[in-house]
file protein.csv (CSV, C-alpha atoms and all ligand atoms)
chain,number,residue,atom,x,y,z
T,14,MET,CA,43.2,46.8,-79.0
T,15,GLY,CA,41.9,50.3,-79.7
T,16,TYR,CA,43.9,53.3,-80.6
T,17,GLN,CA,46.0,55.2,-78.0
T,18,ALA,CA,48.8,57.6,-78.5
T,19,PHE,CA,52.0,55.8,-77.6
T,20,THR,CA,54.6,56.6,-75.0
T,21,VAL,CA,58.2,55.6,-75.7
T,22,GLN,CA,57.6,52.5,-73.7
T,23,ASP,CA,54.6,51.5,-75.8
T,24,ALA,CA,56.6,52.0,-79.0
T,25,ILE,CA,59.4,49.7,-77.7
T,26,GLU,CA,56.9,47.1,-76.6
T,27,ARG,CA,55.2,47.0,-80.0
T,28,VAL,CA,58.3,46.5,-82.0
T,29,ARG,CA,59.4,43.8,-79.5
T,30,THR,CA,56.1,42.0,-79.7
T,31,LEU,CA,56.3,42.1,-83.5
T,32,GLY,CA,59.7,40.4,-83.3
T,33,LEU,CA,61.4,43.3,-85.0
T,34,ILE,CA,63.9,43.6,-82.1
T,35,GLY,CA,65.1,41.0,-79.7
T,36,ASN,CA,65.8,41.2,-76.0
T,37,GLU,CA,68.9,43.4,-76.3
T,38,PRO,CA,69.0,46.7,-74.3
T,39,VAL,CA,67.0,49.3,-76.1
T,40,THR,CA,67.4,53.1,-76.5
T,41,ALA,CA,64.4,55.0,-77.8
T,42,GLU,CA,63.3,58.6,-78.2
T,43,GLU,CA,60.5,60.6,-79.7
T,44,ILE,CA,62.0,62.8,-82.4
T,45,GLY,CA,58.9,64.1,-84.3
T,46,ASP,CA,57.7,67.7,-84.1
T,47,GLY,CA,54.5,66.4,-82.6
T,48,ASN,CA,52.1,68.6,-84.6
T,49,LEU,CA,50.4,65.7,-86.5
T,50,ASN,CA,52.3,62.6,-85.7
T,51,LEU,CA,54.6,60.9,-83.2
T,52,VAL,CA,58.0,59.6,-84.5
T,53,PHE,CA,60.0,57.2,-82.3
T,54,ARG,CA,63.6,56.2,-83.1
T,55,ILE,CA,64.4,52.8,-81.6
T,56,HIS,CA,67.8,51.2,-81.4
T,57,ALA,CA,68.4,47.7,-80.1
T,58,GLY,CA,71.6,45.8,-80.9
T,59,ASP,CA,72.2,46.2,-84.7
T,60,GLN,CA,68.6,47.0,-85.3
T,61,HIS,CA,67.6,50.7,-86.0
T,62,LEU,CA,63.9,51.4,-86.5
T,63,ILE,CA,61.5,54.2,-86.8
T,64,LEU,CA,57.9,53.9,-85.6
T,65,LYS,CA,55.6,56.7,-86.8
T,66,GLN,CA,52.1,57.0,-85.3
T,67,ALA,CA,49.4,59.4,-86.4
T,68,LEU,CA,47.7,61.6,-83.8
T,69,PRO,CA,43.9,62.1,-84.1
T,70,TYR,CA,44.3,65.9,-84.4
T,71,ALA,CA,46.6,68.6,-85.8
T,72,LYS,CA,47.7,71.4,-83.6
T,73,VAL,CA,46.9,74.5,-85.5
T,74,VAL,CA,47.2,78.1,-84.1
T,75,GLY,CA,46.8,76.8,-80.5
T,76,GLU,CA,43.7,74.9,-81.5
T,77,SER,CA,43.1,71.3,-82.4
T,78,TRP,CA,42.0,70.3,-85.8
T,79,PRO,CA,40.5,66.8,-85.9
T,80,LEU,CA,42.2,64.5,-88.4
T,81,SER,CA,41.4,61.0,-89.5
T,82,LEU,CA,43.8,58.3,-88.3
T,83,GLU,CA,43.3,56.6,-91.6
T,84,ARG,CA,46.0,58.7,-93.0
T,85,ALA,CA,48.6,56.4,-91.3
T,86,TRP,CA,47.3,53.5,-93.4
T,87,ILE,CA,47.2,55.7,-96.5
T,88,GLU,CA,50.8,56.7,-95.8
T,89,GLN,CA,52.1,53.1,-95.5
T,90,SER,CA,50.1,52.0,-98.5
T,91,ALA,CA,51.6,54.8,-100.6
T,92,LEU,CA,55.1,54.0,-99.4
T,93,LYS,CA,54.6,50.4,-100.6
T,94,GLU,CA,53.0,51.5,-103.9
T,95,PHE,CA,55.9,53.9,-104.6
T,96,ALA,CA,58.4,51.2,-103.6
T,97,LYS,CA,57.1,48.9,-106.3
T,98,VAL,CA,58.1,51.4,-109.0
T,99,ALA,CA,60.8,53.6,-107.4
T,100,ILE,CA,62.4,51.4,-104.8
T,101,PRO,CA,65.8,53.2,-104.4
T,102,PHE,CA,63.9,56.3,-103.2
T,103,VAL,CA,61.5,54.9,-100.7
T,104,PRO,CA,62.2,53.8,-97.1
T,105,ARG,CA,61.4,50.1,-96.3
T,106,VAL,CA,58.2,49.4,-94.4
T,107,TYR,CA,58.5,46.6,-91.9
T,108,HIS,CA,55.1,46.6,-90.3
T,109,ALA,CA,51.9,48.7,-90.2
T,110,SER,CA,48.9,48.7,-88.0
T,111,LYS,CA,45.6,50.1,-89.2
T,112,GLU,CA,43.9,50.1,-85.8
T,113,GLU,CA,46.8,51.7,-83.9
T,114,ALA,CA,47.7,54.0,-86.8
T,115,PHE,CA,51.4,53.3,-86.9
T,116,THR,CA,54.1,52.2,-89.3
T,117,VAL,CA,57.5,50.7,-88.5
T,118,MET,CA,60.0,51.6,-91.1
T,119,GLU,CA,63.7,51.9,-92.0
T,120,ASP,CA,65.7,54.4,-89.9
T,121,LEU,CA,67.2,56.9,-92.3
T,122,SER,CA,69.2,58.7,-89.7
T,123,HIS,CA,72.4,58.2,-91.7
T,124,LEU,CA,71.0,60.8,-94.1
T,125,THR,CA,69.9,64.4,-93.5
T,126,ILE,CA,66.7,66.2,-94.1
T,127,VAL,CA,67.3,68.2,-97.3
T,128,ARG,CA,65.9,71.5,-96.1
T,129,ALA,CA,68.1,71.5,-93.0
T,130,GLY,CA,71.1,70.2,-94.9
T,131,LEU,CA,70.9,72.9,-97.6
T,132,LEU,CA,70.6,75.6,-94.9
T,133,GLU,CA,73.9,74.3,-93.5
T,134,GLY,CA,75.6,74.4,-96.9
T,135,GLU,CA,75.4,70.7,-97.6
T,136,LYS,CA,75.5,69.6,-101.3
T,137,TYR,CA,73.2,67.0,-102.7
T,138,PRO,CA,74.6,66.6,-106.3
T,139,LEU,CA,72.1,63.9,-107.2
T,140,LEU,CA,69.0,65.2,-105.5
T,141,ALA,CA,67.4,66.9,-108.6
T,142,GLU,CA,68.0,63.9,-110.8
T,143,HIS,CA,66.8,61.5,-108.2
T,144,ILE,CA,63.6,63.3,-107.5
T,145,GLY,CA,63.0,63.7,-111.3
T,146,SER,CA,63.3,60.0,-111.7
T,147,TYR,CA,61.2,59.2,-108.6
T,148,LEU,CA,58.3,61.4,-109.7
T,149,ALA,CA,58.4,60.3,-113.3
T,150,ARG,CA,58.1,56.7,-112.1
T,151,THR,CA,55.6,57.2,-109.3
T,152,LEU,CA,53.4,59.4,-111.4
T,153,PHE,CA,53.5,57.4,-114.7
T,154,TYR,CA,53.2,54.0,-113.2
T,155,THR,CA,50.1,54.9,-111.0
T,156,SER,CA,48.3,56.7,-113.9
T,157,ASP,CA,45.7,55.5,-116.4
T,158,PHE,CA,48.4,55.6,-119.1
T,159,ALA,CA,50.3,52.8,-117.5
T,160,LEU,CA,47.6,50.9,-115.6
T,161,GLY,CA,44.5,51.1,-117.9
T,162,PRO,CA,41.1,51.9,-116.5
T,163,VAL,CA,40.4,48.9,-114.3
T,164,ALA,CA,43.6,48.5,-112.3
T,165,LYS,CA,43.9,52.3,-111.9
T,166,LYS,CA,40.5,52.6,-110.3
T,167,GLN,CA,41.2,49.7,-108.0
T,168,ILE,CA,44.2,51.5,-106.7
T,169,ALA,CA,42.7,54.9,-106.7
T,170,ARG,CA,39.8,54.0,-104.4
T,171,GLN,CA,42.2,53.1,-101.6
T,172,TYR,CA,43.4,56.7,-101.5
T,173,TYR,CA,40.3,58.6,-100.5
T,174,ASN,CA,41.9,61.1,-98.2
T,175,PRO,CA,39.4,63.9,-97.6
T,176,ASP,CA,40.9,65.3,-94.3
T,177,LEU,CA,44.3,65.8,-95.7
T,178,CYS,CA,43.0,67.1,-99.1
T,179,ASP,CA,41.0,69.6,-97.0
T,180,ILE,CA,44.1,70.9,-95.4
T,181,THR,CA,45.7,71.4,-98.8
T,182,GLU,CA,42.7,73.1,-100.2
T,183,LYS,CA,42.5,75.4,-97.2
T,184,LEU,CA,46.1,76.2,-96.5
T,185,ILE,CA,47.5,76.3,-100.1
T,186,PHE,CA,44.7,77.5,-102.2
T,187,THR,CA,42.3,79.4,-100.0
T,188,ASP,CA,43.6,81.1,-96.8
T,189,PRO,CA,46.7,82.8,-98.2
T,190,PHE,CA,44.5,84.7,-100.6
T,191,TYR,CA,42.3,86.6,-98.1
T,192,ASP,CA,42.8,87.8,-94.5
T,193,ALA,CA,42.4,84.4,-92.8
T,194,GLU,CA,43.2,83.7,-89.2
T,195,THR,CA,45.7,81.0,-90.1
T,196,ASN,CA,48.0,83.5,-92.0
T,197,ALA,CA,51.2,84.6,-90.5
T,198,ILE,CA,52.2,87.9,-92.1
T,199,GLU,CA,55.4,89.5,-91.1
T,200,ALA,CA,55.2,93.2,-90.2
T,201,GLY,CA,56.4,95.2,-93.2
T,202,LEU,CA,55.0,92.9,-95.8
T,203,GLU,CA,51.4,94.3,-95.7
T,204,ALA,CA,51.5,96.3,-98.9
T,205,GLU,CA,52.8,93.3,-100.9
T,206,VAL,CA,50.2,91.1,-99.4
T,207,ASP,CA,47.5,93.6,-100.3
T,208,ARG,CA,48.7,93.4,-103.9
T,209,VAL,CA,48.0,89.6,-103.8
T,210,TRP,CA,44.6,90.0,-102.1
T,211,ASN,CA,43.5,92.7,-104.6
T,212,ASP,CA,44.6,90.9,-107.7
T,213,ALA,CA,41.4,89.5,-109.2
T,214,GLU,CA,43.1,87.8,-112.1
T,215,LEU,CA,45.5,86.1,-109.7
T,216,LYS,CA,42.7,84.9,-107.5
T,217,ARG,CA,40.8,83.5,-110.5
T,218,GLU,CA,43.9,81.6,-111.6
T,219,VAL,CA,44.4,80.2,-108.1
T,220,ALA,CA,40.8,79.0,-108.1
T,221,LYS,CA,41.4,77.2,-111.4
T,222,LEU,CA,44.4,75.5,-109.9
T,223,GLU,CA,42.4,74.5,-106.8
T,224,ALA,CA,39.7,73.1,-109.1
T,225,LEU,CA,42.3,71.2,-110.9
T,226,PHE,CA,43.7,69.8,-107.6
T,227,ILE,CA,40.2,68.7,-106.6
T,228,THR,CA,39.0,67.2,-109.8
T,229,LYS,CA,41.9,65.8,-111.8
T,230,GLY,CA,42.8,62.3,-110.6
T,231,ASP,CA,45.8,61.6,-112.9
T,232,ALA,CA,48.1,59.7,-110.6
T,233,LEU,CA,48.9,58.8,-107.0
T,234,LEU,CA,50.5,61.9,-105.6
T,235,HIS,CA,52.9,62.1,-102.7
T,236,GLY,CA,50.9,65.3,-101.7
T,237,ASP,CA,53.5,66.9,-99.5
T,238,LEU,CA,56.7,66.9,-101.4
T,239,HIS,CA,58.7,69.7,-99.9
T,240,THR,CA,62.4,69.5,-98.9
T,241,GLY,CA,61.4,68.6,-95.4
T,242,SER,CA,60.0,65.3,-96.7
T,243,ILE,CA,63.3,64.3,-98.3
T,244,PHE,CA,66.3,62.6,-96.7
T,245,ALA,CA,69.5,62.6,-98.7
T,246,SER,CA,73.3,62.4,-98.8
T,247,ALA,CA,75.7,62.9,-101.7
T,248,ASP,CA,74.6,59.6,-103.3
T,249,GLU,CA,71.3,58.6,-101.8
T,250,THR,CA,67.8,60.1,-101.8
T,251,LYS,CA,64.7,58.9,-99.9
T,252,VAL,CA,61.2,60.4,-99.8
T,253,ILE,CA,59.3,60.1,-96.6
T,254,ASP,CA,55.9,61.2,-95.3
T,255,PRO,CA,53.3,60.6,-98.0
T,256,GLU,CA,50.3,61.0,-95.6
T,257,PHE,CA,48.7,63.4,-98.0
T,258,ALA,CA,48.7,60.8,-100.8
T,259,PHE,CA,45.7,60.8,-103.1
T,260,TYR,CA,44.8,60.7,-106.8
T,261,GLY,CA,45.5,64.2,-108.1
T,262,PRO,CA,46.9,66.1,-111.0
T,263,PHE,CA,50.4,65.2,-112.3
T,264,GLY,CA,51.7,68.7,-111.8
T,265,PHE,CA,51.1,69.0,-108.1
T,266,ASP,CA,54.2,67.1,-106.7
T,267,VAL,CA,56.3,68.5,-109.5
T,268,GLY,CA,55.3,72.0,-108.6
T,269,GLN,CA,55.8,71.7,-104.9
T,270,PHE,CA,59.3,70.4,-105.3
T,271,ILE,CA,60.2,73.2,-107.7
T,272,ALA,CA,58.8,75.8,-105.2
T,273,HIS,CA,61.0,74.4,-102.5
T,274,LEU,CA,64.1,74.6,-104.7
T,275,PHE,CA,63.3,78.3,-105.2
T,276,PHE,CA,63.0,78.7,-101.4
T,277,ALA,CA,66.3,77.0,-100.9
T,278,ALA,CA,68.0,79.8,-102.9
T,279,TYR,CA,66.8,82.6,-100.7
T,280,PRO,CA,69.2,82.4,-97.7
T,281,LYS,CA,72.1,83.4,-99.8
T,282,TYR,CA,70.5,84.5,-103.0
T,283,ASP,CA,73.4,85.8,-105.0
T,284,GLN,CA,75.4,82.7,-104.4
T,285,LEU,CA,72.7,80.1,-104.6
T,286,ARG,CA,70.2,81.3,-107.2
T,287,GLU,CA,72.1,79.8,-110.2
T,288,GLU,CA,72.7,76.5,-108.3
T,289,ARG,CA,69.1,76.0,-107.5
T,290,ILE,CA,67.9,77.1,-111.0
T,291,LYS,CA,70.3,74.5,-112.4
T,292,ASP,CA,68.7,72.0,-110.0
T,293,ILE,CA,65.2,72.9,-111.2
T,294,ASP,CA,66.5,72.5,-114.8
T,295,THR,CA,68.0,69.1,-114.1
T,296,PHE,CA,65.0,68.0,-112.2
T,297,TRP,CA,62.6,68.9,-115.0
T,298,LEU,CA,64.8,67.4,-117.8
T,299,THR,CA,65.1,64.1,-115.9
T,300,PHE,CA,61.4,64.1,-115.1
T,301,ALA,CA,60.4,64.7,-118.7
T,302,SER,CA,62.9,62.4,-120.3
T,303,THR,CA,62.1,59.5,-117.9
T,304,PHE,CA,58.4,60.0,-118.2
T,305,LYS,CA,58.6,60.0,-122.0
T,306,ALA,CA,60.8,56.9,-122.1
T,307,LEU,CA,58.4,55.0,-119.8
T,308,TRP,CA,55.5,56.2,-122.0
T,309,GLU,CA,57.1,55.1,-125.2
T,310,ARG,CA,57.9,51.7,-123.8
T,311,GLU,CA,54.9,51.0,-121.5
T,312,ALA,CA,51.9,53.2,-122.1
T,313,VAL,CA,48.7,51.4,-122.9
T,314,GLU,CA,47.0,51.9,-126.2
T,315,PRO,CA,45.7,54.0,-127.8
T,316,PHE,CA,47.9,56.4,-125.9
T,317,ARG,CA,51.3,55.0,-126.7
T,318,SER,CA,50.9,55.3,-130.4
T,319,ALA,CA,49.1,58.6,-130.5
T,320,ASP,CA,51.7,60.8,-132.2
T,321,GLY,CA,52.8,63.8,-130.1
T,322,LEU,CA,50.5,63.0,-127.2
T,323,VAL,CA,53.3,62.5,-124.6
T,324,GLU,CA,54.8,65.9,-125.5
T,325,ASP,CA,51.4,67.5,-125.0
T,326,VAL,CA,50.9,65.7,-121.7
T,327,LEU,CA,54.3,66.9,-120.5
T,328,SER,CA,53.7,70.5,-121.5
T,329,THR,CA,50.4,70.5,-119.5
T,330,ILE,CA,52.3,69.0,-116.6
T,331,LEU,CA,54.9,71.8,-116.8
T,332,GLN,CA,52.3,74.6,-116.9
T,333,ASP,CA,50.2,73.1,-114.1
T,334,ALA,CA,53.4,72.5,-112.0
T,335,LEU,CA,54.4,76.2,-112.4
T,336,GLY,CA,51.0,77.3,-111.2
T,337,PHE,CA,51.1,74.9,-108.2
T,338,ALA,CA,54.7,76.1,-107.5
T,339,GLY,CA,53.4,79.7,-107.4
T,340,CYS,CA,50.7,78.8,-104.9
T,341,GLU,CA,53.2,77.0,-102.7
T,342,LEU,CA,55.6,80.0,-102.8
T,343,ILE,CA,52.8,82.3,-101.7
T,344,ARG,CA,51.4,80.0,-99.1
T,345,ARG,CA,54.8,79.3,-97.4
T,346,THR,CA,55.6,83.0,-97.3
T,347,ILE,CA,52.4,84.3,-95.6
T,348,GLY,CA,50.4,81.3,-94.6
T,349,LEU,CA,50.5,78.7,-91.9
T,350,ALA,CA,53.6,76.5,-91.9
T,351,PRO,CA,56.4,78.9,-92.9
T,352,VAL,CA,59.7,77.6,-94.2
T,353,ALA,CA,63.0,77.9,-92.4
T,354,ASP,CA,64.7,79.0,-95.6
T,355,LEU,CA,63.0,82.4,-95.2
T,356,GLU,CA,62.5,82.6,-91.5
T,357,GLN,CA,66.1,82.0,-90.7
T,358,ILE,CA,67.4,84.9,-92.6
T,359,ALA,CA,68.6,87.0,-89.7
T,360,ASP,CA,68.6,90.5,-91.3
T,361,PRO,CA,65.0,91.7,-91.3
T,362,THR,CA,65.5,93.9,-94.4
T,363,VAL,CA,66.9,91.1,-96.4
T,364,ARG,CA,64.2,88.7,-95.1
T,365,LEU,CA,61.4,91.0,-96.1
T,366,GLU,CA,63.0,91.6,-99.5
T,367,ARG,CA,63.1,87.8,-100.1
T,368,LYS,CA,59.5,87.4,-98.9
T,369,ARG,CA,58.4,90.1,-101.3
T,370,HIS,CA,60.3,88.4,-104.1
T,371,ALA,CA,58.7,85.0,-103.2
T,372,LEU,CA,55.2,86.6,-103.4
T,373,ARG,CA,56.0,88.2,-106.8
T,374,LEU,CA,57.6,85.1,-108.2
T,375,GLY,CA,54.6,83.1,-107.0
T,376,ALA,CA,52.1,85.5,-108.6
T,377,ALA,CA,54.0,85.6,-111.9
T,378,LEU,CA,54.2,81.8,-112.1
T,379,ILE,CA,50.5,81.5,-111.5
T,380,LYS,CA,49.4,84.1,-114.0
T,381,ARG,CA,52.0,83.4,-116.7
T,382,ARG,CA,52.2,79.6,-116.5
T,383,THR,CA,50.7,79.0,-119.8
T,384,GLU,CA,53.4,81.1,-121.6
T,385,CYS,CA,55.8,78.2,-120.8
T,386,LYS,CA,55.6,75.6,-123.5
T,387,THR,CA,59.0,74.2,-122.7
T,388,PHE,CA,61.3,74.5,-119.8
T,389,THR,CA,63.5,76.9,-121.7
T,390,ASP,CA,60.7,79.4,-121.6
T,391,LEU,CA,60.9,79.3,-117.8
T,392,ARG,CA,64.5,80.2,-117.9
T,393,ASN,CA,63.7,83.2,-120.1
T,394,PHE,CA,60.8,84.1,-117.8
T,395,ASP,CA,62.7,86.5,-115.6
T,396,VAL,CA,60.8,87.4,-112.5
T,397,THR,CA,64.0,87.5,-110.4
T,398,GLU,CA,64.9,91.1,-111.4
T,399,GLU,CA,61.8,92.8,-109.9
I,1,LIG,P1,55.3,64.5,-90.1
I,1,LIG,O1,54.3,63.9,-91.0
I,1,LIG,O2,54.8,64.7,-88.7
I,1,LIG,O3,55.9,65.7,-90.7
I,1,LIG,P2,57.6,63.0,-90.9
I,1,LIG,O4,57.4,61.7,-91.5
I,1,LIG,O5,58.0,64.1,-91.8
I,1,LIG,O6,56.4,63.4,-89.9
I,1,LIG,O7,58.8,62.8,-89.8
I,1,LIG,C1,59.1,63.9,-88.9
I,1,LIG,C2,60.6,63.8,-88.6
I,1,LIG,O8,60.9,62.6,-88.0
I,1,LIG,C3,61.5,63.9,-89.8
I,1,LIG,O9,61.7,65.2,-90.1
I,1,LIG,C4,62.7,63.2,-89.3
I,1,LIG,O10,63.5,64.0,-88.5
I,1,LIG,C5,62.1,62.1,-88.5
I,1,LIG,N1,61.9,60.8,-89.3
I,1,LIG,C6,60.7,60.5,-89.9
I,1,LIG,N2,60.9,59.3,-90.6
I,1,LIG,C7,62.2,59.0,-90.4
I,1,LIG,C8,63.0,57.8,-90.8
I,1,LIG,N3,62.5,56.9,-91.6
I,1,LIG,N4,64.3,57.8,-90.4
I,1,LIG,C9,64.8,58.7,-89.6
I,1,LIG,N5,64.1,59.8,-89.2
I,1,LIG,C10,62.8,59.9,-89.5
I,2,MG,MG,56.0,67.9,-89.4
I,3,MG,MG,56.9,65.7,-92.5
I,4,MG,MG,53.5,64.6,-92.7

call {"tool": "encode", "arguments": {"input": "protein.csv", "output": "structure tokens"}}
result
Amino acid sequence: MGYQAFTVQDAIERVRTLGLIGNEPVTAEEIGDGNLNLVFRIHAGDQHLILKQALPYAKVVGESWPLSLERAWIEQSALKEFAKVAIPFVPRVYHASKEEAFTVMEDLSHLTIVRAGLLEGEKYPLLAEHIGSYLARTLFYTSDFALGPVAKKQIARQYYNPDLCDITEKLIFTDPFYDAETNAIEAGLEAEVDRVWNDAELKREVAKLEALFITKGDALLHGDLHTGSIFASADETKVIDPEFAFYGPFGFDVGQFIAHLFFAAYPKYDQLREERIKDIDTFWLTFASTFKALWEREAVEPFRSADGLVEDVLSTILQDALGFAGCELIRRTIGLAPVADLEQIADPTVRLERKRHALRLGAALIKRRTECKTFTDLRNFDVTEE
């Protein structure tokens, strides 16, 4: 059976053949945005399932960008790997097919996608703490510090994900920093964008961050940890969509999440700024304290006993994360794949002002990231008044 993109009927037939649903009447629909993947929601009797299938291309600016189907297998492998160490935060996987590039998983429709929920004023009081704990656990437990050299390399080799890494290198680190075709720059923002493009120091620092992304295989990353990859409610948090998973630097996921908390403040800045900064604070504190506790209990030697090492590792993670957060802020403001947090601001003057702010904040985080030795330094690092 070779690969073919499924219709709704195909999806129903697969889950039935797999014995995941019985002969009850079925309702099913495709609910994905269809840019990279198909997502089918299937209900039969008491059973609620999601079948996600990869498409062999990405639709990009009207064109088609070929993409390896292997990412579906990488995604389900990562979901299983993360579930081993962070089970409350990961959807259950019921079945996966390498050949047909699909995964059947738990339906999380009782939760809401965090980006959409935050835009509607929903509160997720445990989100920051949950993601702090999720990332401390997934990053620590998949790293050399927990696994030692042999087991780490055995896991790491399953996550060779060149096509998706290429997307990140291009769309996050490269295209936004010159006049690339993929960019989407709103009229009125040109002067601010020129400042970015003409800032040699900024571009050098971005190149360093890209090099770090490419070369530093610390841990198994989610790789696409924005608020659209998180389902939550007041008491539950689940992270979906790790198709960009690969062995990369500790700070990358941490930074992406921080960037999207900043974005979430923009629709109603005066009211939401303090709330989101508090979230970033809680997120980092939870991440750092959990990572440190895991290290002190479970790191392999000689790392565990090396006095002060975990503090140094955490301060590097923080600095790298702030740099990656800066790249993400710039990329989502002027690059391909804009965020609703900015685009849905109805008043064009306000929207442009927020976009300008995101670009300045991004540039400052990138250039001044090494000034931050602890998280308190970030709080004192006031780029919000420009
Ligand atoms: P893509 O990689 O194409 O972005 P996602 O995995 O993010 O695909 O899924 C796209 C959309 O499909 C999500 O925003 C959500 O609305 C829906 N979806 C995906 N997984 C689930 C799930 N487990 N339960 C319910 N809805 C889901
Ligand atoms: Mg999508
Ligand atoms: Mg997604
Ligand atoms: Mg995805």

call {"tool": "atom_distance", "arguments": {"input": "protein.csv", "atom1": "CA of Gly339 in chain T", "atom2": "CA of Ala245 in chain T"}}
result
25.0 Å

call {"tool": "residues_near_ligand", "arguments": {"input": "protein.csv", "ligand": "ligand MG 3 (chain I)", "cutoff": "12 Å", "atoms": "all atoms listed in the file", "output": "ChimeraX atom specification"}}
result
/T:44-52,65,67,88,126-128,235-244,252-257,350

call {"tool": "write_last_selection", "arguments": {"input": "protein.csv", "atoms": "C-alpha atoms", "output": "PDB file, in the frame of the given file"}}
result
ATOM      1  CA  ILE T  44      62.000  62.800 -82.400  1.00  0.00           C
ATOM      2  CA  GLY T  45      58.900  64.100 -84.300  1.00  0.00           C
ATOM      3  CA  ASP T  46      57.700  67.700 -84.100  1.00  0.00           C
ATOM      4  CA  GLY T  47      54.500  66.400 -82.600  1.00  0.00           C
ATOM      5  CA  ASN T  48      52.100  68.600 -84.600  1.00  0.00           C
ATOM      6  CA  LEU T  49      50.400  65.700 -86.500  1.00  0.00           C
ATOM      7  CA  ASN T  50      52.300  62.600 -85.700  1.00  0.00           C
ATOM      8  CA  LEU T  51      54.600  60.900 -83.200  1.00  0.00           C
ATOM      9  CA  VAL T  52      58.000  59.600 -84.500  1.00  0.00           C
ATOM     10  CA  LYS T  65      55.600  56.700 -86.800  1.00  0.00           C
ATOM     11  CA  ALA T  67      49.400  59.400 -86.400  1.00  0.00           C
ATOM     12  CA  GLU T  88      50.800  56.700 -95.800  1.00  0.00           C
ATOM     13  CA  ILE T 126      66.700  66.200 -94.100  1.00  0.00           C
ATOM     14  CA  VAL T 127      67.300  68.200 -97.300  1.00  0.00           C
ATOM     15  CA  ARG T 128      65.900  71.500 -96.100  1.00  0.00           C
ATOM     16  CA  HIS T 235      52.900  62.100-102.700  1.00  0.00           C
ATOM     17  CA  GLY T 236      50.900  65.300-101.700  1.00  0.00           C
ATOM     18  CA  ASP T 237      53.500  66.900 -99.500  1.00  0.00           C
ATOM     19  CA  LEU T 238      56.700  66.900-101.400  1.00  0.00           C
ATOM     20  CA  HIS T 239      58.700  69.700 -99.900  1.00  0.00           C
ATOM     21  CA  THR T 240      62.400  69.500 -98.900  1.00  0.00           C
ATOM     22  CA  GLY T 241      61.400  68.600 -95.400  1.00  0.00           C
ATOM     23  CA  SER T 242      60.000  65.300 -96.700  1.00  0.00           C
ATOM     24  CA  ILE T 243      63.300  64.300 -98.300  1.00  0.00           C
ATOM     25  CA  PHE T 244      66.300  62.600 -96.700  1.00  0.00           C
ATOM     26  CA  VAL T 252      61.200  60.400 -99.800  1.00  0.00           C
ATOM     27  CA  ILE T 253      59.300  60.100 -96.600  1.00  0.00           C
ATOM     28  CA  ASP T 254      55.900  61.200 -95.300  1.00  0.00           C
ATOM     29  CA  PRO T 255      53.300  60.600 -98.000  1.00  0.00           C
ATOM     30  CA  GLU T 256      50.300  61.000 -95.600  1.00  0.00           C
ATOM     31  CA  PHE T 257      48.700  63.400 -98.000  1.00  0.00           C
ATOM     32  CA  ALA T 350      53.600  76.500 -91.900  1.00  0.00           C
TER      33      ALA T 350
END

call {"tool": "residues_near_point", "arguments": {"input": "protein.csv", "point": "(54.1, 80.5, -98.9)", "cutoff": "10 Å", "atoms": "all atoms listed in the file", "output": "list in words"}}
result
Leu184, Ile185, Pro189, Asn196, Ala197, Ala272, His273, Phe276, Ala338, Gly339, Cys340, Glu341, Leu342, Ile343, Arg344, Arg345, Thr346, Ile347, Gly348, Leu349, Ala350, Pro351, Val352, Leu355, Lys368, Ala371, Leu372 and Gly375 of chain T

call {"tool": "write_last_selection", "arguments": {"input": "protein.csv", "atoms": "C-alpha atoms", "output": "short mmCIF file (atom, residue, chain, number, x, y, z; two decimals), keeping the file's coordinate frame"}}
result
data_model
loop_
_atom_site.label_atom_id
_atom_site.label_comp_id
_atom_site.auth_asym_id
_atom_site.auth_seq_id
_atom_site.Cartn_x
_atom_site.Cartn_y
_atom_site.Cartn_z
CA LEU T 184 46.10 76.20 -96.50
CA ILE T 185 47.50 76.30 -100.10
CA PRO T 189 46.70 82.80 -98.20
CA ASN T 196 48.00 83.50 -92.00
CA ALA T 197 51.20 84.60 -90.50
CA ALA T 272 58.80 75.80 -105.20
CA HIS T 273 61.00 74.40 -102.50
CA PHE T 276 63.00 78.70 -101.40
CA ALA T 338 54.70 76.10 -107.50
CA GLY T 339 53.40 79.70 -107.40
CA CYS T 340 50.70 78.80 -104.90
CA GLU T 341 53.20 77.00 -102.70
CA LEU T 342 55.60 80.00 -102.80
CA ILE T 343 52.80 82.30 -101.70
CA ARG T 344 51.40 80.00 -99.10
CA ARG T 345 54.80 79.30 -97.40
CA THR T 346 55.60 83.00 -97.30
CA ILE T 347 52.40 84.30 -95.60
CA GLY T 348 50.40 81.30 -94.60
CA LEU T 349 50.50 78.70 -91.90
CA ALA T 350 53.60 76.50 -91.90
CA PRO T 351 56.40 78.90 -92.90
CA VAL T 352 59.70 77.60 -94.20
CA LEU T 355 63.00 82.40 -95.20
CA LYS T 368 59.50 87.40 -98.90
CA ALA T 371 58.70 85.00 -103.20
CA LEU T 372 55.20 86.60 -103.40
CA GLY T 375 54.60 83.10 -107.00
#

call {"tool": "atom_distance", "arguments": {"input": "protein.csv", "atom1": "CA of Glu366 in chain T", "atom2": "CA of Leu132 in chain T"}}
result
18.3 Å

call {"tool": "residues_near_point", "arguments": {"input": "protein.csv", "point": "(44.1, 71.6, -106.3)", "cutoff": "8 Å", "atoms": "only C-alpha atoms", "output": "VMD selection string"}}
result
chain T and resid 181 to 182 186 222 to 228 261 to 262 265 337

call {"tool": "closest_residue", "arguments": {"input": "protein.csv", "among": "T:Glu112, T:Asp179, T:Glu205, T:Asp248", "to": "Thr125 in chain T", "atoms": "only C-alpha atoms"}}
result
T:Asp248
